[in-house]
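Novice: Pasting coords.cif below, which is mmCIF, C-alpha atoms and all ligand atoms.
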data_upload
#
loop_
_atom_site.label_atom_id
_atom_site.label_comp_id
_atom_site.auth_asym_id
_atom_site.auth_seq_id
_atom_site.Cartn_x
_atom_site.Cartn_y
_atom_site.Cartn_z
CA MET A 1 82.00 42.06 183.86
CA TYR A 2 83.09 40.32 180.65
CA ILE A 3 82.74 36.54 180.58
CA ARG A 4 86.39 36.06 179.61
CA GLU A 5 87.42 37.86 182.83
CA LEU A 6 85.42 35.36 184.88
CA PHE A 7 87.72 32.61 183.63
CA TYR A 8 90.71 34.40 185.20
CA LYS A 9 88.89 34.84 188.51
CA LYS A 10 86.79 31.73 189.12
CA LYS A 11 87.70 28.07 189.55
CA VAL A 12 84.53 27.04 187.73
CA VAL A 13 82.32 29.46 185.80
CA MET A 14 78.73 28.29 186.12
CA SER A 15 76.01 30.00 184.10
CA ALA A 16 72.30 29.57 183.47
CA GLU A 17 70.19 30.08 180.32
CA VAL A 18 66.64 31.42 180.31
CA PHE A 19 64.25 32.15 177.47
CA PRO A 20 62.06 35.24 177.11
CA PRO A 21 58.29 35.03 176.57
CA LYS A 22 57.05 34.63 173.00
CA LYS A 23 54.91 37.76 173.36
CA ASN A 24 56.19 41.18 174.39
CA GLY A 25 55.39 42.16 177.95
CA MET A 26 54.50 38.75 179.44
CA LEU A 27 57.57 38.48 181.60
CA GLU A 28 56.05 36.76 184.69
CA GLY A 29 57.35 33.25 183.88
CA VAL A 30 60.93 34.27 183.27
CA ILE A 31 60.92 36.62 186.27
CA ARG A 32 59.74 33.73 188.46
CA ALA A 33 62.67 31.65 187.17
CA LEU A 34 65.11 34.53 187.75
CA LYS A 35 63.90 34.90 191.35
CA GLU A 36 64.85 31.27 191.95
CA ILE A 37 68.13 31.55 190.05
CA LYS A 38 69.42 34.74 191.74
CA PRO A 39 70.25 33.14 195.16
CA LEU A 40 72.28 30.49 193.31
CA ASP A 41 74.70 33.26 192.30
CA PRO A 42 75.27 32.20 188.66
CA ASP A 43 78.32 33.81 187.05
CA TYR A 44 76.10 34.98 184.21
CA VAL A 45 72.63 34.45 182.81
CA SER A 46 72.15 34.14 179.05
CA ILE A 47 68.87 35.03 177.38
CA THR A 48 67.83 33.33 174.14
CA TYR A 49 66.58 35.08 171.00
CA GLY A 50 63.32 33.87 169.45
CA ALA A 51 63.48 31.44 166.52
CA SER A 52 63.45 33.08 163.12
CA GLY A 53 64.81 36.30 164.56
CA SER A 54 61.67 37.14 166.51
CA GLY A 55 61.68 38.53 170.01
CA GLY A 56 64.78 40.73 169.99
CA MET A 57 62.89 43.28 172.07
CA THR A 58 61.98 40.74 174.72
CA THR A 59 65.55 39.42 174.87
CA ALA A 60 66.71 42.98 175.57
CA ASP A 61 63.89 43.50 178.10
CA VAL A 62 64.80 40.34 180.00
CA ALA A 63 68.51 41.28 179.87
CA SER A 64 67.59 44.61 181.41
CA VAL A 65 65.67 42.85 184.22
CA VAL A 66 68.63 40.50 184.82
CA ILE A 67 70.98 43.48 185.16
CA ASP A 68 68.85 46.11 186.90
CA ALA A 69 66.37 44.15 189.01
CA PHE A 70 68.56 41.14 189.86
CA ASP A 71 72.07 42.61 189.66
CA MET A 72 73.43 39.69 187.62
CA THR A 73 75.61 39.64 184.48
CA ALA A 74 73.56 39.15 181.29
CA VAL A 75 74.55 37.67 177.94
CA ALA A 76 72.07 38.46 175.15
CA HIS A 77 71.70 35.97 172.29
CA MET A 78 71.46 37.51 168.80
CA THR A 79 70.76 35.71 165.51
CA ALA A 80 71.64 36.29 161.84
CA VAL A 81 68.25 34.98 160.65
CA ASN A 82 65.97 37.78 159.38
CA MET A 83 68.57 40.33 160.44
CA THR A 84 69.45 43.43 158.44
CA LYS A 85 72.27 45.85 159.22
CA ASP A 86 69.74 48.54 160.19
CA LEU A 87 67.87 46.24 162.56
CA LEU A 88 71.15 45.06 164.07
CA GLU A 89 72.27 48.65 164.69
CA GLU A 90 68.97 49.34 166.45
CA ARG A 91 69.22 46.17 168.58
CA LEU A 92 72.84 46.85 169.54
CA GLY A 93 71.99 50.40 170.59
CA MET A 94 69.20 49.03 172.75
CA LEU A 95 71.47 46.42 174.37
CA GLU A 96 74.16 49.02 175.00
CA ARG A 97 71.65 51.33 176.71
CA LYS A 98 70.45 48.44 178.88
CA GLY A 99 74.01 47.70 180.05
CA VAL A 100 74.62 44.45 178.14
CA LYS A 101 78.32 43.87 177.47
CA SER A 102 78.34 40.34 176.02
CA ILE A 103 76.46 38.92 173.03
CA LEU A 104 76.12 35.28 171.96
CA THR A 105 76.20 35.54 168.16
CA LEU A 106 74.28 32.79 166.35
CA ARG A 107 72.89 31.96 162.97
CA GLY A 108 69.59 31.05 164.56
CA ASP A 109 67.22 28.15 164.22
CA ILE A 110 65.65 27.96 160.77
CA VAL A 111 61.87 27.84 160.64
CA GLU A 112 59.32 28.38 157.87
CA ASP A 113 59.59 32.17 157.62
CA SER A 114 63.38 32.35 158.03
CA ARG A 115 65.11 34.62 155.52
CA PHE A 116 68.68 35.80 155.29
CA TYR A 117 69.43 39.43 154.42
CA ASP A 118 72.77 40.93 155.39
CA PHE A 119 74.13 37.99 157.41
CA ARG A 120 74.15 34.28 156.58
CA HIS A 121 76.30 32.77 159.32
CA ALA A 122 77.13 33.52 162.95
CA ASN A 123 80.70 34.51 162.03
CA GLU A 124 79.41 37.28 159.71
CA LEU A 125 77.31 38.73 162.52
CA ALA A 126 80.28 38.46 164.89
CA LYS A 127 82.64 40.18 162.43
CA TYR A 128 80.26 43.08 161.84
CA ILE A 129 79.75 43.68 165.58
CA HIS A 130 83.45 43.18 166.39
CA ASP A 131 84.55 45.69 163.72
CA LYS A 132 81.94 48.37 164.47
CA TYR A 133 81.31 47.89 168.20
CA PRO A 134 84.52 46.44 169.65
CA SER A 135 83.42 47.05 173.23
CA PHE A 136 80.91 44.18 172.99
CA GLU A 137 82.36 40.83 174.00
CA LEU A 138 81.29 38.07 171.62
CA LEU A 139 80.37 34.47 172.38
CA GLY A 140 79.51 31.72 169.89
CA ALA A 141 77.95 28.26 169.74
CA CYS A 142 79.77 24.98 169.09
CA TYR A 143 78.67 21.37 168.72
CA PRO A 144 80.58 18.48 170.36
CA GLU A 145 78.97 16.03 167.90
CA GLY A 146 79.43 18.47 164.98
CA HIS A 147 76.64 20.74 163.72
CA PRO A 148 73.95 18.59 162.02
CA GLU A 149 74.37 20.45 158.70
CA ALA A 150 78.17 20.19 158.64
CA ALA A 151 79.82 17.65 156.33
CA SER A 152 82.01 16.47 159.22
CA LEU A 153 83.14 17.50 162.69
CA ASP A 154 86.45 18.55 161.15
CA ALA A 155 84.70 20.84 158.65
CA ASP A 156 82.56 22.27 161.45
CA LEU A 157 85.67 22.93 163.56
CA ASP A 158 87.12 24.96 160.66
CA MET A 159 83.99 27.14 160.82
CA ILE A 160 84.28 27.47 164.60
CA LYS A 161 87.88 28.57 164.17
CA LEU A 162 86.66 31.14 161.65
CA LYS A 163 84.12 32.32 164.24
CA THR A 164 86.92 32.95 166.75
CA GLU A 165 88.94 34.81 164.09
CA CYS A 166 85.89 37.05 163.64
CA GLY A 167 85.94 38.10 167.30
CA VAL A 168 84.29 35.29 169.29
CA SER A 169 86.30 34.75 172.48
CA HIS A 170 84.10 32.27 174.34
CA LEU A 171 82.17 29.22 173.09
CA VAL A 172 79.12 27.53 174.59
CA THR A 173 78.38 23.98 173.50
CA GLN A 174 75.17 22.43 172.36
CA LEU A 175 73.79 20.09 175.03
CA PHE A 176 75.21 16.58 175.07
CA PHE A 177 74.59 13.47 177.18
CA ASP A 178 77.90 11.69 176.71
CA ASN A 179 80.96 13.40 178.19
CA ALA A 180 83.33 11.34 176.02
CA THR A 181 81.97 13.27 173.01
CA PHE A 182 82.82 16.56 174.70
CA TYR A 183 86.36 15.45 175.60
CA GLY A 184 86.98 14.31 172.02
CA PHE A 185 85.67 17.63 170.70
CA ALA A 186 87.81 19.68 173.12
CA GLU A 187 90.94 17.78 172.06
CA LYS A 188 90.22 18.29 168.34
CA ALA A 189 89.44 21.99 168.90
CA GLU A 190 92.77 22.45 170.66
CA LYS A 191 94.61 20.70 167.81
CA LYS A 192 92.90 23.08 165.34
CA GLY A 193 94.33 25.99 167.32
CA ILE A 194 90.97 27.22 168.66
CA LYS A 195 91.92 29.37 171.64
CA ALA A 196 88.52 30.44 172.96
CA SER A 197 87.40 29.27 176.38
CA VAL A 198 84.52 26.77 176.30
CA SER A 199 81.48 26.21 178.51
CA ALA A 200 79.95 22.73 178.39
CA GLY A 201 76.17 22.96 177.87
CA ILE A 202 74.21 20.63 180.15
CA MET A 203 70.45 20.14 180.14
CA PRO A 204 68.83 18.21 183.00
CA ILE A 205 66.06 16.13 181.46
CA THR A 206 63.01 15.91 183.69
CA SER A 207 60.27 14.46 181.46
CA VAL A 208 59.83 12.08 178.53
CA GLN A 209 58.28 14.84 176.39
CA GLN A 210 61.41 16.94 176.92
CA VAL A 211 63.62 14.07 175.65
CA GLU A 212 61.48 13.67 172.53
CA ARG A 213 61.55 17.43 171.83
CA ILE A 214 65.30 17.70 172.33
CA VAL A 215 66.11 14.74 170.14
CA SER A 216 63.91 16.05 167.31
CA MET A 217 65.27 19.61 167.62
CA CYS A 218 68.99 18.98 168.17
CA GLY A 219 69.46 15.42 166.89
CA VAL A 220 71.75 14.81 169.86
CA GLN A 221 73.05 11.25 170.46
CA ILE A 222 71.47 9.23 173.26
CA PRO A 223 73.95 7.02 175.12
CA THR A 224 72.78 3.64 176.45
CA ALA A 225 72.80 4.70 180.13
CA PHE A 226 70.63 7.71 179.31
CA ALA A 227 68.17 5.65 177.22
CA LYS A 228 67.97 3.13 180.07
CA MET A 229 67.18 5.89 182.55
CA CYS A 230 64.35 7.20 180.33
CA ALA A 231 62.94 3.69 179.94
CA THR A 232 63.13 2.90 183.67
CA TYR A 233 61.72 6.01 185.32
CA GLN A 234 58.58 8.09 185.00
CA GLY A 235 57.09 11.20 186.58
CA GLU A 236 58.77 12.30 189.83
CA ASP A 237 61.33 9.47 189.60
CA LEU A 238 62.43 10.59 186.12
CA TYR A 239 62.67 14.18 187.39
CA LYS A 240 65.09 13.05 190.12
CA ALA A 241 67.00 10.67 187.84
CA GLY A 242 67.36 13.39 185.17
CA ILE A 243 68.86 15.80 187.68
CA ASP A 244 71.19 13.08 188.99
CA TYR A 245 72.29 12.28 185.44
CA ALA A 246 73.08 15.94 184.67
CA CYS A 247 74.91 16.31 188.01
CA GLY A 248 76.90 13.15 187.24
CA GLN A 249 77.97 14.70 183.93
CA ILE A 250 78.94 17.97 185.63
CA ARG A 251 80.88 16.19 188.41
CA ASP A 252 82.87 14.25 185.81
CA LEU A 253 83.51 17.40 183.72
CA ILE A 254 84.76 19.41 186.72
CA ASP A 255 86.91 16.49 187.92
CA ASN A 256 88.45 16.41 184.45
CA GLY A 257 89.38 20.09 184.55
CA VAL A 258 86.47 21.63 182.60
CA ARG A 259 86.05 25.18 183.91
CA GLY A 260 82.85 26.33 182.20
CA ILE A 261 79.42 24.78 182.82
CA HIS A 262 76.35 26.28 181.16
CA LEU A 263 73.02 25.02 182.43
CA TYR A 264 70.08 24.97 180.03
CA THR A 265 67.47 25.70 182.71
CA MET A 266 64.40 25.95 180.42
CA ASN A 267 63.12 28.53 182.97
CA LYS A 268 62.83 25.83 185.62
CA GLY A 269 64.22 27.55 188.71
CA ASP A 270 63.70 24.45 190.88
CA VAL A 271 65.89 22.36 188.56
CA ALA A 272 68.59 25.05 188.50
CA ARG A 273 68.57 25.11 192.30
CA GLU A 274 68.93 21.31 192.57
CA VAL A 275 71.95 21.40 190.26
CA PHE A 276 73.76 24.58 191.37
CA THR A 277 73.61 23.74 195.08
CA ARG A 278 75.47 20.46 194.50
CA PHE A 279 78.47 22.36 193.10
CA GLU A 280 78.74 25.29 195.50
CA GLY A 281 82.04 24.00 196.91
CA ASP A 282 83.58 23.62 193.45
CA ARG A 283 82.98 27.24 192.50
CA LYS A 284 84.73 28.91 195.45
P1 LIG B 1 76.74 28.86 162.19
O1 LIG B 1 77.97 29.13 163.02
O2 LIG B 1 76.38 29.82 161.18
O3 LIG B 1 76.84 27.37 161.68
C1 LIG B 1 75.74 26.73 161.03
C2 LIG B 1 76.28 25.73 160.01
O4 LIG B 1 76.96 26.40 158.95
C3 LIG B 1 77.31 24.74 160.57
O5 LIG B 1 77.13 23.53 159.91
C4 LIG B 1 78.66 25.36 160.22
O6 LIG B 1 79.68 24.39 160.07
C5 LIG B 1 78.36 26.07 158.90
N1 LIG B 1 79.06 27.35 158.76
C6 LIG B 1 79.35 28.26 159.75
N2 LIG B 1 79.93 29.35 159.22
C7 LIG B 1 80.01 29.15 157.88
C8 LIG B 1 80.51 29.92 156.79
N3 LIG B 1 81.03 31.13 156.99
N4 LIG B 1 80.41 29.41 155.54
C9 LIG B 1 79.86 28.18 155.33
N5 LIG B 1 79.38 27.38 156.32
C10 LIG B 1 79.45 27.87 157.59
N6 LIG B 1 68.86 29.53 168.09
C11 LIG B 1 68.01 30.60 168.14
O7 LIG B 1 67.23 30.82 167.21
N7 LIG B 1 68.02 31.45 169.23
C12 LIG B 1 68.87 31.29 170.26
O8 LIG B 1 68.88 32.08 171.21
C13 LIG B 1 69.78 30.18 170.24
N8 LIG B 1 70.68 29.98 171.24
C14 LIG B 1 71.60 28.97 171.14
C15 LIG B 1 72.59 28.83 172.12
C16 LIG B 1 73.54 27.81 172.03
C17 LIG B 1 74.61 27.70 173.08
C18 LIG B 1 73.50 26.88 170.95
C19 LIG B 1 74.49 25.76 170.86
C20 LIG B 1 72.52 27.01 169.97
C21 LIG B 1 71.57 28.05 170.04
N9 LIG B 1 70.59 28.25 169.05
C22 LIG B 1 69.73 29.31 169.10
C23 LIG B 1 70.50 27.31 167.94
C24 LIG B 1 71.39 27.71 166.75
O9 LIG B 1 70.92 28.91 166.19
C25 LIG B 1 71.33 26.59 165.76
O10 LIG B 1 72.01 25.46 166.28
C26 LIG B 1 71.81 26.87 164.34
O11 LIG B 1 71.48 25.72 163.56
C27 LIG B 1 73.30 27.12 164.19
O12 LIG B 1 73.72 28.25 164.80
P2 LIG B 1 75.28 28.65 164.79
O13 LIG B 1 75.39 29.96 165.39
O14 LIG B 1 76.12 27.55 165.29
O15 LIG B 1 75.48 28.76 163.18
#
Could you express the structure from this file as structure tokens?

Specialist:
Amino acid sequence: MYIRELFYKKKVVMSAEVFPPKKNGMLEGVIRALKEIKPLDPDYVSITYGASGSGGMTTADVASVVIDAFDMTAVAHMTAVNMTKDLLEERLGMLERKGVKSILTLRGDIVEDSRFYDFRHANELAKYIHDKYPSFELLGACYPEGHPEAASLDADLDMIKLKTECGVSHLVTQLFFDNATFYGFAEKAEKKGIKASVSAGIMPITSVQQVERIVSMCGVQIPTAFAKMCATYQGEDLYKAGIDYACGQIRDLIDNGVRGIHLYTMNKGDVAREVFTRFEGDRK
């Protein structure tokens, strides 16, 4: 099923993100996570694409496991970094054969060996796929605080609008810890005329190391209540507090009419279970 159809059918569309192994073939970790995620009945599972365009094979392999072994809907991430038209054609053929219908088109994280060939931005990748393979549904990323490289949130919103004009029909946000930022973003996106449905990206934080990594990678703002939580709790207590914080965000989002929630699970099936089970009633 296409993701956009889910928004006609479900009260709240709740999805989970997993990442494939860095090396081909070593799927045990992600399969363990999928075993825990399956009974939670997520509306779809998205599978990341390795930084610098690596790991396209493993993304497709995991997507195939999600579809065939677990009978769930898969969204495959795909990046413009290090991508040529020939490689893209090969990857799309592979995804099509594995039964993937929806692709999250991204520029990709930039690391040392990142190069750009035929595509520079996510919208270029989206346009190429949309024009040549219209049966694929396209998703894109958006940033409630504005993308860190954008001159302003307004300038970034212009680029997100462009993304939707290139075929992206659903947006998934970068993680955020302050719902007010998301509400402000959603209002501005609507004023810009961005019509795509949006899933709010939520990451339950369960360790101090995770906070440090996330802040350095995404540069996301840390609200006072969140900083206080990280300073107050440690170990098992922080694990519980982090899940409570994420669930508090989700409760507030759903109560304010947000219909898409995307959980960054980081392959932690136990965390996904803690969160999903609290919202079973909201999804029916
Ligand atoms: P773009 O849409 O290309 O935007 C990047 C910057 O360029 C922005 O500042 C934007 O305003 C600007 N811009 C956009 N289009 C144009 C244009 N046509 N001309 C000029 N400027 C433009 N990374 C991975 O490597 N693998 C993954 O699987 C992955 N999954 C992700 C999933 C989600 C939901 C999110 C939010 C991010 C994910 N990322 C992933 C990270 C993402 O690749 C980075 O955040 C990257 O920096 C930007 O990607 P993008 O698709 O938003 O890029």

Novice: List the residues sitting within 12 Å of (79.9, 21.4, 170.0) in the file's frame, using all atoms listed in the file, as a short mmCIF file (atom, residue, chain, number, x, y, z; two decimals) with C-alpha atoms, in the frame of the given file.

Specialist:
data_model
loop_
_atom_site.label_atom_id
_atom_site.label_comp_id
_atom_site.auth_asym_id
_atom_site.auth_seq_id
_atom_site.Cartn_x
_atom_site.Cartn_y
_atom_site.Cartn_z
CA GLY A 140 79.51 31.72 169.89
CA ALA A 141 77.95 28.26 169.74
CA CYS A 142 79.77 24.98 169.09
CA TYR A 143 78.67 21.37 168.72
CA PRO A 144 80.58 18.48 170.36
CA GLU A 145 78.97 16.03 167.90
CA GLY A 146 79.43 18.47 164.98
CA HIS A 147 76.64 20.74 163.72
CA PRO A 148 73.95 18.59 162.02
CA ALA A 150 78.17 20.19 158.64
CA LEU A 153 83.14 17.50 162.69
CA ASP A 154 86.45 18.55 161.15
CA ASP A 156 82.56 22.27 161.45
CA LEU A 157 85.67 22.93 163.56
CA MET A 159 83.99 27.14 160.82
CA ILE A 160 84.28 27.47 164.60
CA LEU A 171 82.17 29.22 173.09
CA VAL A 172 79.12 27.53 174.59
CA THR A 173 78.38 23.98 173.50
CA GLN A 174 75.17 22.43 172.36
CA LEU A 175 73.79 20.09 175.03
CA PHE A 176 75.21 16.58 175.07
CA PHE A 177 74.59 13.47 177.18
CA ASP A 178 77.90 11.69 176.71
CA ASN A 179 80.96 13.40 178.19
CA THR A 181 81.97 13.27 173.01
CA PHE A 182 82.82 16.56 174.70
CA TYR A 183 86.36 15.45 175.60
CA GLY A 184 86.98 14.31 172.02
CA PHE A 185 85.67 17.63 170.70
CA ALA A 186 87.81 19.68 173.12
CA GLU A 187 90.94 17.78 172.06
CA LYS A 188 90.22 18.29 168.34
CA ALA A 189 89.44 21.99 168.90
CA VAL A 198 84.52 26.77 176.30
CA SER A 199 81.48 26.21 178.51
CA ALA A 200 79.95 22.73 178.39
CA GLY A 201 76.17 22.96 177.87
CA ILE A 202 74.21 20.63 180.15
CA CYS A 218 68.99 18.98 168.17
CA VAL A 220 71.75 14.81 169.86
#

Novice: Excluding A:Ala63 and any residue of its chain fewer than 6 positions from it, enumerate the residues within 7 Å of it, using only C-alpha atoms, and give them as a PyMOL selection string.

Specialist: chain A and resi 47+74+76

Novice: Pull C-alpha atoms from the residues just selected and write them as an mmCIF file, in the frame of the given file.

Specialist:
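Listed below is the output, result.cif:
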data_model
loop_
_atom_site.group_PDB
_atom_site.id
_atom_site.type_symbol
_atom_site.label_atom_id
_atom_site.label_comp_id
_atom_site.auth_asym_id
_atom_site.auth_seq_id
_atom_site.Cartn_x
_atom_site.Cartn_y
_atom_site.Cartn_z
ATOM 1 C CA ILE A 47 68.870 35.030 177.380
ATOM 2 C CA ALA A 74 73.560 39.150 181.290
ATOM 3 C CA ALA A 76 72.070 38.460 175.150
#

Novice: Using only C-alpha atoms and all ligand atoms, can you tell me which of A:Pro20, A:Pro134, A:Gly56, A:Gly108 comes closest to ligand LIG 1 (chain B)?

Specialist: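 That would be A:Gly108, the residue with the smallest distance to ligand LIG 1 (chain B).
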
Novice: Can you list, as a list in words, every protein, DNA or RNA residue that comes within 10 Å of A:Gly50 when you count all atoms listed in the file, leaving out same-chain residues fewer than 2 positions away?

Specialist: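 These residues fall inside the cut-off: Phe19, Pro20, Pro21, Lys22, Ile47, Thr48, Ser52, Gly53, Ser54, Gly55, Gly56, Met57, Thr58, Thr59, His77, Met78, Thr79, Gly108 and Asp109 of chain A.
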
Novice: For A:Gln234, work out the shell of residues within 8 Å, counting all atoms listed in the file and skipping chain neighbours fewer than 5 positions away, then give it as number ranges by chain.

Specialist: A: 207-208, 239
